[in-house]
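upload_9.cif follows; it contains mmCIF, C-alpha atoms.
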```cif
data_upload
loop_
_atom_site.group_PDB
_atom_site.id
_atom_site.type_symbol
_atom_site.label_atom_id
_atom_site.label_comp_id
_atom_site.auth_asym_id
_atom_site.auth_seq_id
_atom_site.Cartn_x
_atom_site.Cartn_y
_atom_site.Cartn_z
ATOM 1 C CA MET A 247 100.787 103.458 157.618
ATOM 2 C CA LEU A 248 101.472 107.112 156.896
ATOM 3 C CA ASN A 249 102.545 109.146 159.939
ATOM 4 C CA ILE A 250 101.127 112.643 159.587
ATOM 5 C CA ALA A 251 101.849 115.638 161.793
ATOM 6 C CA LEU A 252 98.962 118.099 162.115
ATOM 7 C CA PHE A 253 100.233 121.608 162.819
ATOM 8 C CA GLY A 254 97.717 124.408 163.114
ATOM 9 C CA THR A 255 98.591 127.901 164.208
ATOM 10 C CA SER A 256 97.094 131.366 164.412
ATOM 11 C CA ALA A 257 100.058 132.584 162.305
ATOM 12 C CA ASP A 258 99.463 136.188 163.365
ATOM 13 C CA PRO A 259 102.118 136.581 162.005
ATOM 14 C CA PRO A 260 104.122 133.353 161.515
ATOM 15 C CA THR A 261 107.646 133.645 162.903
ATOM 16 C CA LEU A 262 111.026 131.945 162.747
ATOM 17 C CA GLY A 263 109.804 129.852 165.687
ATOM 18 C CA HIS A 264 107.152 128.317 163.425
ATOM 19 C CA GLN A 265 109.789 127.732 160.756
ATOM 20 C CA VAL A 266 112.055 125.864 163.173
ATOM 21 C CA ILE A 267 109.156 123.636 164.229
ATOM 22 C CA LEU A 268 108.199 122.852 160.628
ATOM 23 C CA ASN A 269 111.764 121.882 159.748
ATOM 24 C CA TRP A 270 111.893 119.573 162.764
ATOM 25 C CA LEU A 271 108.546 117.979 161.922
ATOM 26 C CA ALA A 272 109.644 117.399 158.330
ATOM 27 C CA ASP A 273 112.538 115.311 159.623
ATOM 28 C CA HIS A 274 110.373 113.204 161.956
ATOM 29 C CA PHE A 275 107.140 112.563 160.022
ATOM 30 C CA ASP A 276 106.150 111.220 156.623
ATOM 31 C CA TRP A 277 103.952 114.240 155.963
ATOM 32 C CA VAL A 278 103.273 117.570 157.690
ATOM 33 C CA ALA A 279 99.868 119.185 157.191
ATOM 34 C CA VAL A 280 99.819 122.873 158.115
ATOM 35 C CA TRP A 281 96.979 125.365 158.397
ATOM 36 C CA ALA A 282 96.087 128.747 159.840
ATOM 37 C CA ALA A 283 92.861 129.153 161.757
ATOM 38 C CA ASP A 284 90.875 131.552 163.870
ATOM 39 C CA ASN A 285 91.525 130.785 167.515
ATOM 40 C CA PRO A 286 88.257 130.977 169.489
ATOM 41 C CA PHE A 287 90.274 131.965 172.583
ATOM 42 C CA LYS A 288 91.773 135.053 170.888
ATOM 43 C CA GLN A 289 90.197 138.373 169.949
ATOM 44 C CA GLN A 290 90.911 140.845 167.117
ATOM 45 C CA GLN A 291 92.886 138.562 164.858
ATOM 46 C CA THR A 292 94.269 139.623 161.489
ATOM 47 C CA PRO A 293 91.964 138.469 158.637
ATOM 48 C CA LEU A 294 92.479 134.773 158.016
ATOM 49 C CA ALA A 295 93.269 135.201 154.304
ATOM 50 C CA HIS A 296 96.370 137.246 155.180
ATOM 51 C CA ARG A 297 97.538 134.734 157.773
ATOM 52 C CA VAL A 298 97.131 131.874 155.298
ATOM 53 C CA ALA A 299 99.131 133.838 152.725
ATOM 54 C CA MET A 300 101.960 134.510 155.182
ATOM 55 C CA LEU A 301 102.072 130.875 156.237
ATOM 56 C CA GLY A 302 102.278 129.891 152.580
ATOM 57 C CA LEU A 303 105.273 132.193 152.126
ATOM 58 C CA MET A 304 106.987 130.543 155.064
ATOM 59 C CA ILE A 305 106.433 127.048 153.688
ATOM 60 C CA GLN A 306 107.741 128.116 150.270
ATOM 61 C CA ASP A 307 110.907 129.254 152.011
ATOM 62 C CA LEU A 308 111.518 125.854 153.636
ATOM 63 C CA HIS A 309 114.222 123.647 152.166
ATOM 64 C CA THR A 310 113.239 120.236 153.458
ATOM 65 C CA PRO A 311 114.889 117.285 151.645
ATOM 66 C CA ARG A 312 111.636 115.360 151.163
ATOM 67 C CA GLN A 313 109.410 118.362 150.390
ATOM 68 C CA ASN A 314 106.864 116.892 152.798
ATOM 69 C CA VAL A 315 105.382 120.054 154.291
ATOM 70 C CA ARG A 316 102.222 121.453 152.722
ATOM 71 C CA LEU A 317 99.656 124.117 153.523
ATOM 72 C CA TYR A 318 96.030 122.956 153.703
ATOM 73 C CA PRO A 319 93.768 126.027 154.088
ATOM 74 C CA GLU A 320 90.702 123.766 154.143
ATOM 75 C CA LEU A 321 91.865 122.303 157.475
ATOM 76 C CA GLY A 322 91.663 125.751 159.079
ATOM 77 C CA LYS A 323 88.642 125.308 161.304
ATOM 78 C CA PRO A 324 88.288 127.089 164.669
ATOM 79 C CA ARG A 325 87.748 123.712 166.359
ATOM 80 C CA THR A 326 90.528 121.123 166.044
ATOM 81 C CA PHE A 327 87.947 118.353 166.354
ATOM 82 C CA HIS A 328 86.449 119.456 163.021
ATOM 83 C CA THR A 329 89.904 119.745 161.448
ATOM 84 C CA LEU A 330 90.615 116.141 162.394
ATOM 85 C CA GLN A 331 87.383 114.946 160.790
ATOM 86 C CA ILE A 332 88.478 116.516 157.498
ATOM 87 C CA ALA A 333 91.991 115.062 157.808
ATOM 88 C CA LYS A 334 90.588 111.581 158.378
ATOM 89 C CA ARG A 335 88.651 111.848 155.116
ATOM 90 C CA TYR A 336 91.779 112.979 153.257
ATOM 91 C CA TRP A 337 94.086 110.301 154.596
ATOM 92 C CA CYS A 338 92.483 106.944 155.295
ATOM 93 C CA ASN A 339 94.344 104.622 157.684
ATOM 94 C CA ALA A 340 96.920 107.297 158.580
ATOM 95 C CA ARG A 341 98.277 107.861 162.071
ATOM 96 C CA PHE A 342 97.818 111.465 163.169
ATOM 97 C CA THR A 343 99.921 113.452 165.611
ATOM 98 C CA LEU A 344 98.564 116.783 166.797
ATOM 99 C CA VAL A 345 101.382 119.252 167.433
ATOM 100 C CA ILE A 346 100.881 121.993 170.045
ATOM 101 C CA GLY A 347 103.131 124.376 171.922
ATOM 102 C CA SER A 348 103.625 124.039 175.670
ATOM 103 C CA ASP A 349 101.733 127.334 176.086
ATOM 104 C CA LEU A 350 98.498 125.534 175.119
ATOM 105 C CA ILE A 351 98.632 122.714 177.663
ATOM 106 C CA ALA A 352 96.538 124.532 180.257
ATOM 107 C CA GLN A 353 93.993 125.514 177.597
ATOM 108 C CA LEU A 354 93.684 122.092 175.965
ATOM 109 C CA PRO A 355 91.247 120.511 178.478
ATOM 110 C CA ASN A 356 88.734 123.241 177.533
ATOM 111 C CA TRP A 357 88.863 122.561 173.796
ATOM 112 C CA TYR A 358 85.690 121.597 171.970
ATOM 113 C CA ARG A 359 84.959 117.839 172.305
ATOM 114 C CA VAL A 360 88.464 117.214 173.615
ATOM 115 C CA ASP A 361 87.494 113.795 174.993
ATOM 116 C CA ASP A 362 86.480 112.732 171.486
ATOM 117 C CA LEU A 363 89.580 114.302 169.950
ATOM 118 C CA LEU A 364 92.325 112.813 172.119
ATOM 119 C CA PRO A 365 91.686 109.096 171.426
ATOM 120 C CA ASP A 366 92.110 109.702 167.668
ATOM 121 C CA VAL A 367 95.478 111.486 167.746
ATOM 122 C CA ASP A 368 98.860 111.267 169.364
ATOM 123 C CA LEU A 369 99.842 114.494 171.093
ATOM 124 C CA LEU A 370 103.259 116.056 170.518
ATOM 125 C CA ILE A 371 104.141 118.992 172.745
ATOM 126 C CA VAL A 372 106.790 121.444 171.587
ATOM 127 C CA PRO A 373 108.453 123.270 174.510
ATOM 128 C CA ARG A 374 108.303 127.058 174.276
ATOM 129 C CA PRO A 375 110.499 129.516 176.177
ATOM 130 C CA GLY A 376 108.614 130.830 179.184
ATOM 131 C CA TYR A 377 106.151 127.935 179.303
ATOM 132 C CA PRO A 378 107.764 125.129 181.321
ATOM 133 C CA LEU A 379 106.225 121.680 181.254
ATOM 134 C CA ARG A 380 104.595 120.551 184.482
ATOM 135 C CA GLU A 381 104.217 116.846 185.117
ATOM 136 C CA ALA A 382 100.857 117.423 186.811
ATOM 137 C CA ASP A 383 99.470 119.001 183.620
ATOM 138 C CA LEU A 384 100.804 116.167 181.478
ATOM 139 C CA GLU A 385 99.362 113.554 183.809
ATOM 140 C CA ALA A 386 95.977 115.275 183.693
ATOM 141 C CA LEU A 387 96.018 114.910 179.898
ATOM 142 C CA ARG A 388 97.002 111.251 180.146
ATOM 143 C CA GLN A 389 94.121 110.666 182.521
ATOM 144 C CA ARG A 390 91.809 111.905 179.776
ATOM 145 C CA GLY A 391 93.233 109.426 177.288
ATOM 146 C CA ALA A 392 96.003 111.484 175.691
ATOM 147 C CA ARG A 393 99.105 109.750 174.338
ATOM 148 C CA VAL A 394 101.685 112.439 175.079
ATOM 149 C CA ALA A 395 105.208 112.872 173.710
ATOM 150 C CA ILE A 396 107.600 115.806 174.136
ATOM 151 C CA ALA A 397 109.597 117.067 171.156
ATOM 152 C CA ASP A 398 113.358 117.240 171.718
ATOM 153 C CA LEU A 399 113.277 120.770 170.444
ATOM 154 C CA MET A 400 113.263 124.249 171.915
ATOM 155 C CA GLY A 401 112.278 126.917 169.464
ATOM 156 C CA PRO A 402 113.853 130.382 169.437
ATOM 157 C CA ALA A 403 112.476 132.973 171.826
ATOM 158 C CA THR A 404 110.385 134.682 169.172
ATOM 159 C CA SER A 405 106.639 135.182 169.265
ATOM 160 C CA SER A 406 103.876 136.612 167.137
ATOM 161 C CA THR A 407 102.733 138.671 170.123
ATOM 162 C CA ALA A 408 106.131 140.394 170.335
ATOM 163 C CA TYR A 409 105.688 141.664 166.794
ATOM 164 C CA ARG A 410 102.030 142.649 167.100
ATOM 165 C CA GLU A 411 102.534 144.558 170.339
ATOM 166 C CA HIS A 412 106.093 145.871 170.039
ATOM 167 C CA GLY A 413 107.074 145.574 166.363
ATOM 168 C CA GLU A 414 109.973 143.211 167.109
ATOM 169 C CA SER A 415 110.690 142.097 163.548
ATOM 170 C CA ILE A 416 113.770 140.044 164.439
ATOM 171 C CA GLY A 417 111.551 136.946 164.496
ATOM 172 C CA LEU A 418 110.204 137.384 160.953
ATOM 173 C CA THR A 419 111.511 136.112 157.640
ATOM 174 C CA PRO A 420 112.176 138.847 155.034
ATOM 175 C CA GLN A 421 109.338 137.578 152.812
ATOM 176 C CA ILE A 422 106.788 137.814 155.598
ATOM 177 C CA GLU A 423 108.044 141.202 156.762
ATOM 178 C CA ASP A 424 107.709 142.501 153.186
ATOM 179 C CA TYR A 425 104.154 141.121 152.971
ATOM 180 C CA ILE A 426 103.177 142.771 156.262
ATOM 181 C CA HIS A 427 104.453 146.156 155.141
ATOM 182 C CA ARG A 428 102.862 145.849 151.705
ATOM 183 C CA GLU A 429 99.460 145.012 153.175
ATOM 184 C CA HIS A 430 99.742 147.351 156.216
ATOM 185 C CA LEU A 431 98.586 144.603 158.574
ATOM 186 C CA TYR A 432 99.649 145.721 162.057
ATOM 187 C CA PRO A 433 99.328 149.014 163.961
ATOM 188 C CA CYS A 434 102.931 148.736 165.180
ATOM 189 C CA GLN A 435 104.014 149.667 161.641
ATOM 190 C CA GLU A 436 102.491 153.090 162.038
ATOM 191 C CA ALA A 437 104.278 153.879 165.294
ATOM 192 C CA PRO A 438 107.056 156.455 164.864
ATOM 193 C CA PRO A 439 110.571 155.130 165.485
ATOM 194 C CA GLU A 440 112.013 155.831 168.896
ATOM 195 C CA LYS A 441 114.362 158.754 168.966
ATOM 196 C CA GLN A 442 117.921 157.826 169.772
ATOM 197 C CA PRO A 443 119.794 159.993 172.292
ATOM 198 C CA ILE A 444 122.342 162.313 170.764
ATOM 199 C CA PRO A 445 125.805 161.431 172.109
ATOM 200 C CA GLU A 446 127.558 164.126 174.061
ATOM 201 C CA THR A 447 130.536 165.725 172.390
ATOM 202 C CA VAL A 448 133.730 165.397 174.350
ATOM 203 C CA THR A 449 135.800 168.570 174.242
#
```
Target format structure tokens, applied to this file:
Amino acid sequence: MLNIALFGTSADPPTLGHQVILNWLADHFDWVAVWAADNPFKQQQTPLAHRVAMLGLMIQDLHTPRQNVRLYPELGKPRTFHTLQIAKRYWCNARFTLVIGSDLIAQLPNWYRVDDLLPDVDLLIVPRPGYPLREADLEALRQRGARVAIADLMGPATSSTAYREHGESIGLTPQIEDYIHREHLYPCQEAPPEKQPIPETVT
């Protein structure tokens, strides 16, 4: 049976943190299906076509030995339940693992048809800096039928929000940064650079 990791993300923009996760998944699963989607819990997202393009650039830049990571734009539905229905038609008799960051644990119980979703997937939680795992939250998911595992991975402290709000490009790959500037995607690009203080002259 094929073990498939399902990794959806807003990718607004994708960062080195996403890249680290994809490399890890490639080592632990037979196949990694990736998509970008509109998150119904977020407002004012960058047009989906741009986010799909940036995610594609990131996957092209991966150097996984088995070349088992692929972008599937058609999986990019706002509701993960609908994504899973498509995946099940693509891969018959596969075992699916839904990969989420620890920042989504509190939100997960409110997902569309979550009680129908959880029995059909394993759940892999990737710890994120600033979002500690709480046993009470994990137990609440198990009570709803979730089969929960924790990835032995801690991604770098980079986030899409840090770039969108503050222009912190340290978390971006050069290809994605070039794409963002070429397409003029984020307002932070238009902000003037901060003036550096002029050092005093010692006489």
Exercise for review: State, in Å with one decimal place, the distance from CA of Ala340 (chain A) to CA of Leu248 (chain A).
Suggested key: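 So the answer is 4.9 Å.
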Review point. So which residues touch Phe327 (chain A) within 12 Å, counting all atoms listed in the file, skipping near sequence neighbours fewer than 5 positions away, as an NGL selection string?
Key: :A and (252 or 254 or 321-322 or 332-334 or 344 or 354 or 357-367)
Practice item. Have a look at A:Glu423, A:Asn339, A:Arg297, A:Phe253 and name the one nearest to Ile371 (chain A); count all atoms listed in the file. Key: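 Under the stated criterion, the closest residue is A:Phe253.
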**Study point:** CA of Arg374 (chain A) to CA of His430 (chain A), straight-line distance in Å
**Key:**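 CA of His430 (chain A) sits 28.5 Å away from CA of Arg374 (chain A).
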Exercise for review: Can you work out which one of A:Trp337, A:Leu301, A:Asn356, A:Ala272 has the shortest atom-to-atom distance to Met247 (chain A), counting only C-alpha atoms?
Suggested key: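 The shortest atom-to-atom distance to Met247 (chain A) comes from A:Trp337.
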Exercise for review: Just the residues within 9 Å of Gly302 (chain A), please, counting all atoms listed in the file, with nothing from its chain fewer than 4 positions along; format it as number ranges by chain.
Suggested key: A: 297-298, 306-307, 316-317
Exercise for review: Expand the PyMOL selection byres ((chain A and resi 342) around 6) into the individual residues it matches in the shown file, reporting them as a ChimeraX atom specification.
Suggested key: /A:250-251,341,343,367
Any chance you could turn region 321-395 of chain A into a file with C-alpha atoms, as a PDB file, in the first residue's frame?
```
ATOM      1  CA  LEU A 321      -6.148  19.330  -4.828  1.00  0.00           C
ATOM      2  CA  GLY A 322      -6.290  22.990  -3.782  1.00  0.00           C
ATOM      3  CA  LYS A 323      -9.789  23.175  -2.370  1.00  0.00           C
ATOM      4  CA  PRO A 324     -10.714  25.481   0.537  1.00  0.00           C
ATOM      5  CA  ARG A 325     -12.071  22.471   2.447  1.00  0.00           C
ATOM      6  CA  THR A 326      -9.651  19.622   3.189  1.00  0.00           C
ATOM      7  CA  PHE A 327     -12.562  17.181   3.174  1.00  0.00           C
ATOM      8  CA  HIS A 328     -13.059  17.885  -0.543  1.00  0.00           C
ATOM      9  CA  THR A 329      -9.319  17.610  -1.200  1.00  0.00           C
ATOM     10  CA  LEU A 330      -9.322  14.147   0.348  1.00  0.00           C
ATOM     11  CA  GLN A 331     -12.197  13.018  -1.867  1.00  0.00           C
ATOM     12  CA  ILE A 332     -10.150  13.951  -4.939  1.00  0.00           C
ATOM     13  CA  ALA A 333      -7.030  12.248  -3.555  1.00  0.00           C
ATOM     14  CA  LYS A 334      -8.961   9.040  -2.926  1.00  0.00           C
ATOM     15  CA  ARG A 335     -10.004   8.974  -6.582  1.00  0.00           C
ATOM     16  CA  TYR A 336      -6.402   9.512  -7.703  1.00  0.00           C
ATOM     17  CA  TRP A 337      -4.847   6.875  -5.488  1.00  0.00           C
ATOM     18  CA  CYS A 338      -6.986   3.828  -4.802  1.00  0.00           C
ATOM     19  CA  ASN A 339      -6.066   1.745  -1.740  1.00  0.00           C
ATOM     20  CA  ALA A 340      -3.463   4.279  -0.561  1.00  0.00           C
ATOM     21  CA  ARG A 341      -2.928   5.251   3.061  1.00  0.00           C
ATOM     22  CA  PHE A 342      -3.175   9.009   3.536  1.00  0.00           C
ATOM     23  CA  THR A 343      -1.487  11.150   6.163  1.00  0.00           C
ATOM     24  CA  LEU A 344      -2.654  14.735   6.527  1.00  0.00           C
ATOM     25  CA  VAL A 345       0.219  17.004   7.546  1.00  0.00           C
ATOM     26  CA  ILE A 346      -0.544  20.152   9.571  1.00  0.00           C
ATOM     27  CA  GLY A 347       1.472  22.581  11.644  1.00  0.00           C
ATOM     28  CA  SER A 348       1.000  22.787  15.405  1.00  0.00           C
ATOM     29  CA  ASP A 349      -0.500  26.265  14.897  1.00  0.00           C
ATOM     30  CA  LEU A 350      -3.609  24.641  13.369  1.00  0.00           C
ATOM     31  CA  ILE A 351      -4.453  22.248  16.200  1.00  0.00           C
ATOM     32  CA  ALA A 352      -6.860  24.631  17.915  1.00  0.00           C
ATOM     33  CA  GLN A 353      -8.543  25.417  14.588  1.00  0.00           C
ATOM     34  CA  LEU A 354      -8.883  21.825  13.381  1.00  0.00           C
ATOM     35  CA  PRO A 355     -12.034  20.883  15.363  1.00  0.00           C
ATOM     36  CA  ASN A 356     -13.877  23.652  13.465  1.00  0.00           C
ATOM     37  CA  TRP A 357     -12.939  22.391  10.004  1.00  0.00           C
ATOM     38  CA  TYR A 358     -15.674  21.450   7.562  1.00  0.00           C
ATOM     39  CA  ARG A 359     -16.936  17.872   8.174  1.00  0.00           C
ATOM     40  CA  VAL A 360     -13.960  17.140  10.409  1.00  0.00           C
ATOM     41  CA  ASP A 361     -15.661  14.080  11.915  1.00  0.00           C
ATOM     42  CA  ASP A 362     -15.927  12.582   8.430  1.00  0.00           C
ATOM     43  CA  LEU A 363     -12.374  13.605   7.555  1.00  0.00           C
ATOM     44  CA  LEU A 364     -10.446  12.226  10.528  1.00  0.00           C
ATOM     45  CA  PRO A 365     -11.367   8.521  10.173  1.00  0.00           C
ATOM     46  CA  ASP A 366      -9.976   8.495   6.604  1.00  0.00           C
ATOM     47  CA  VAL A 367      -6.527   9.953   7.317  1.00  0.00           C
ATOM     48  CA  ASP A 368      -3.691   9.680   9.764  1.00  0.00           C
ATOM     49  CA  LEU A 369      -2.752  13.033  11.263  1.00  0.00           C
ATOM     50  CA  LEU A 370       0.873  14.168  11.390  1.00  0.00           C
ATOM     51  CA  ILE A 371       1.559  17.321  13.377  1.00  0.00           C
ATOM     52  CA  VAL A 372       4.700  19.311  12.636  1.00  0.00           C
ATOM     53  CA  PRO A 373       5.827  21.409  15.632  1.00  0.00           C
ATOM     54  CA  ARG A 374       6.222  25.112  14.887  1.00  0.00           C
ATOM     55  CA  PRO A 375       8.190  27.624  16.960  1.00  0.00           C
ATOM     56  CA  GLY A 376       5.819  29.555  19.189  1.00  0.00           C
ATOM     57  CA  TYR A 377       3.052  26.951  19.038  1.00  0.00           C
ATOM     58  CA  PRO A 378       3.759  24.357  21.743  1.00  0.00           C
ATOM     59  CA  LEU A 379       1.855  21.094  21.722  1.00  0.00           C
ATOM     60  CA  ARG A 380      -0.635  20.634  24.540  1.00  0.00           C
ATOM     61  CA  GLU A 381      -1.624  17.123  25.523  1.00  0.00           C
ATOM     62  CA  ALA A 382      -5.191  18.261  26.208  1.00  0.00           C
ATOM     63  CA  ASP A 383      -5.556  19.444  22.594  1.00  0.00           C
ATOM     64  CA  LEU A 384      -4.117  16.203  21.245  1.00  0.00           C
ATOM     65  CA  GLU A 385      -6.399  14.125  23.440  1.00  0.00           C
ATOM     66  CA  ALA A 386      -9.409  16.110  22.241  1.00  0.00           C
ATOM     67  CA  LEU A 387      -8.500  15.158  18.662  1.00  0.00           C
ATOM     68  CA  ARG A 388      -8.081  11.507  19.618  1.00  0.00           C
ATOM     69  CA  GLN A 389     -11.499  11.564  21.227  1.00  0.00           C
ATOM     70  CA  ARG A 390     -12.904  12.568  17.846  1.00  0.00           C
ATOM     71  CA  GLY A 391     -11.250   9.614  16.144  1.00  0.00           C
ATOM     72  CA  ALA A 392      -7.938  11.137  15.063  1.00  0.00           C
ATOM     73  CA  ARG A 393      -4.849   8.937  14.785  1.00  0.00           C
ATOM     74  CA  VAL A 394      -2.202  11.461  15.816  1.00  0.00           C
ATOM     75  CA  ALA A 395       1.573  11.353  15.354  1.00  0.00           C
TER      76      ALA A 395
END
```
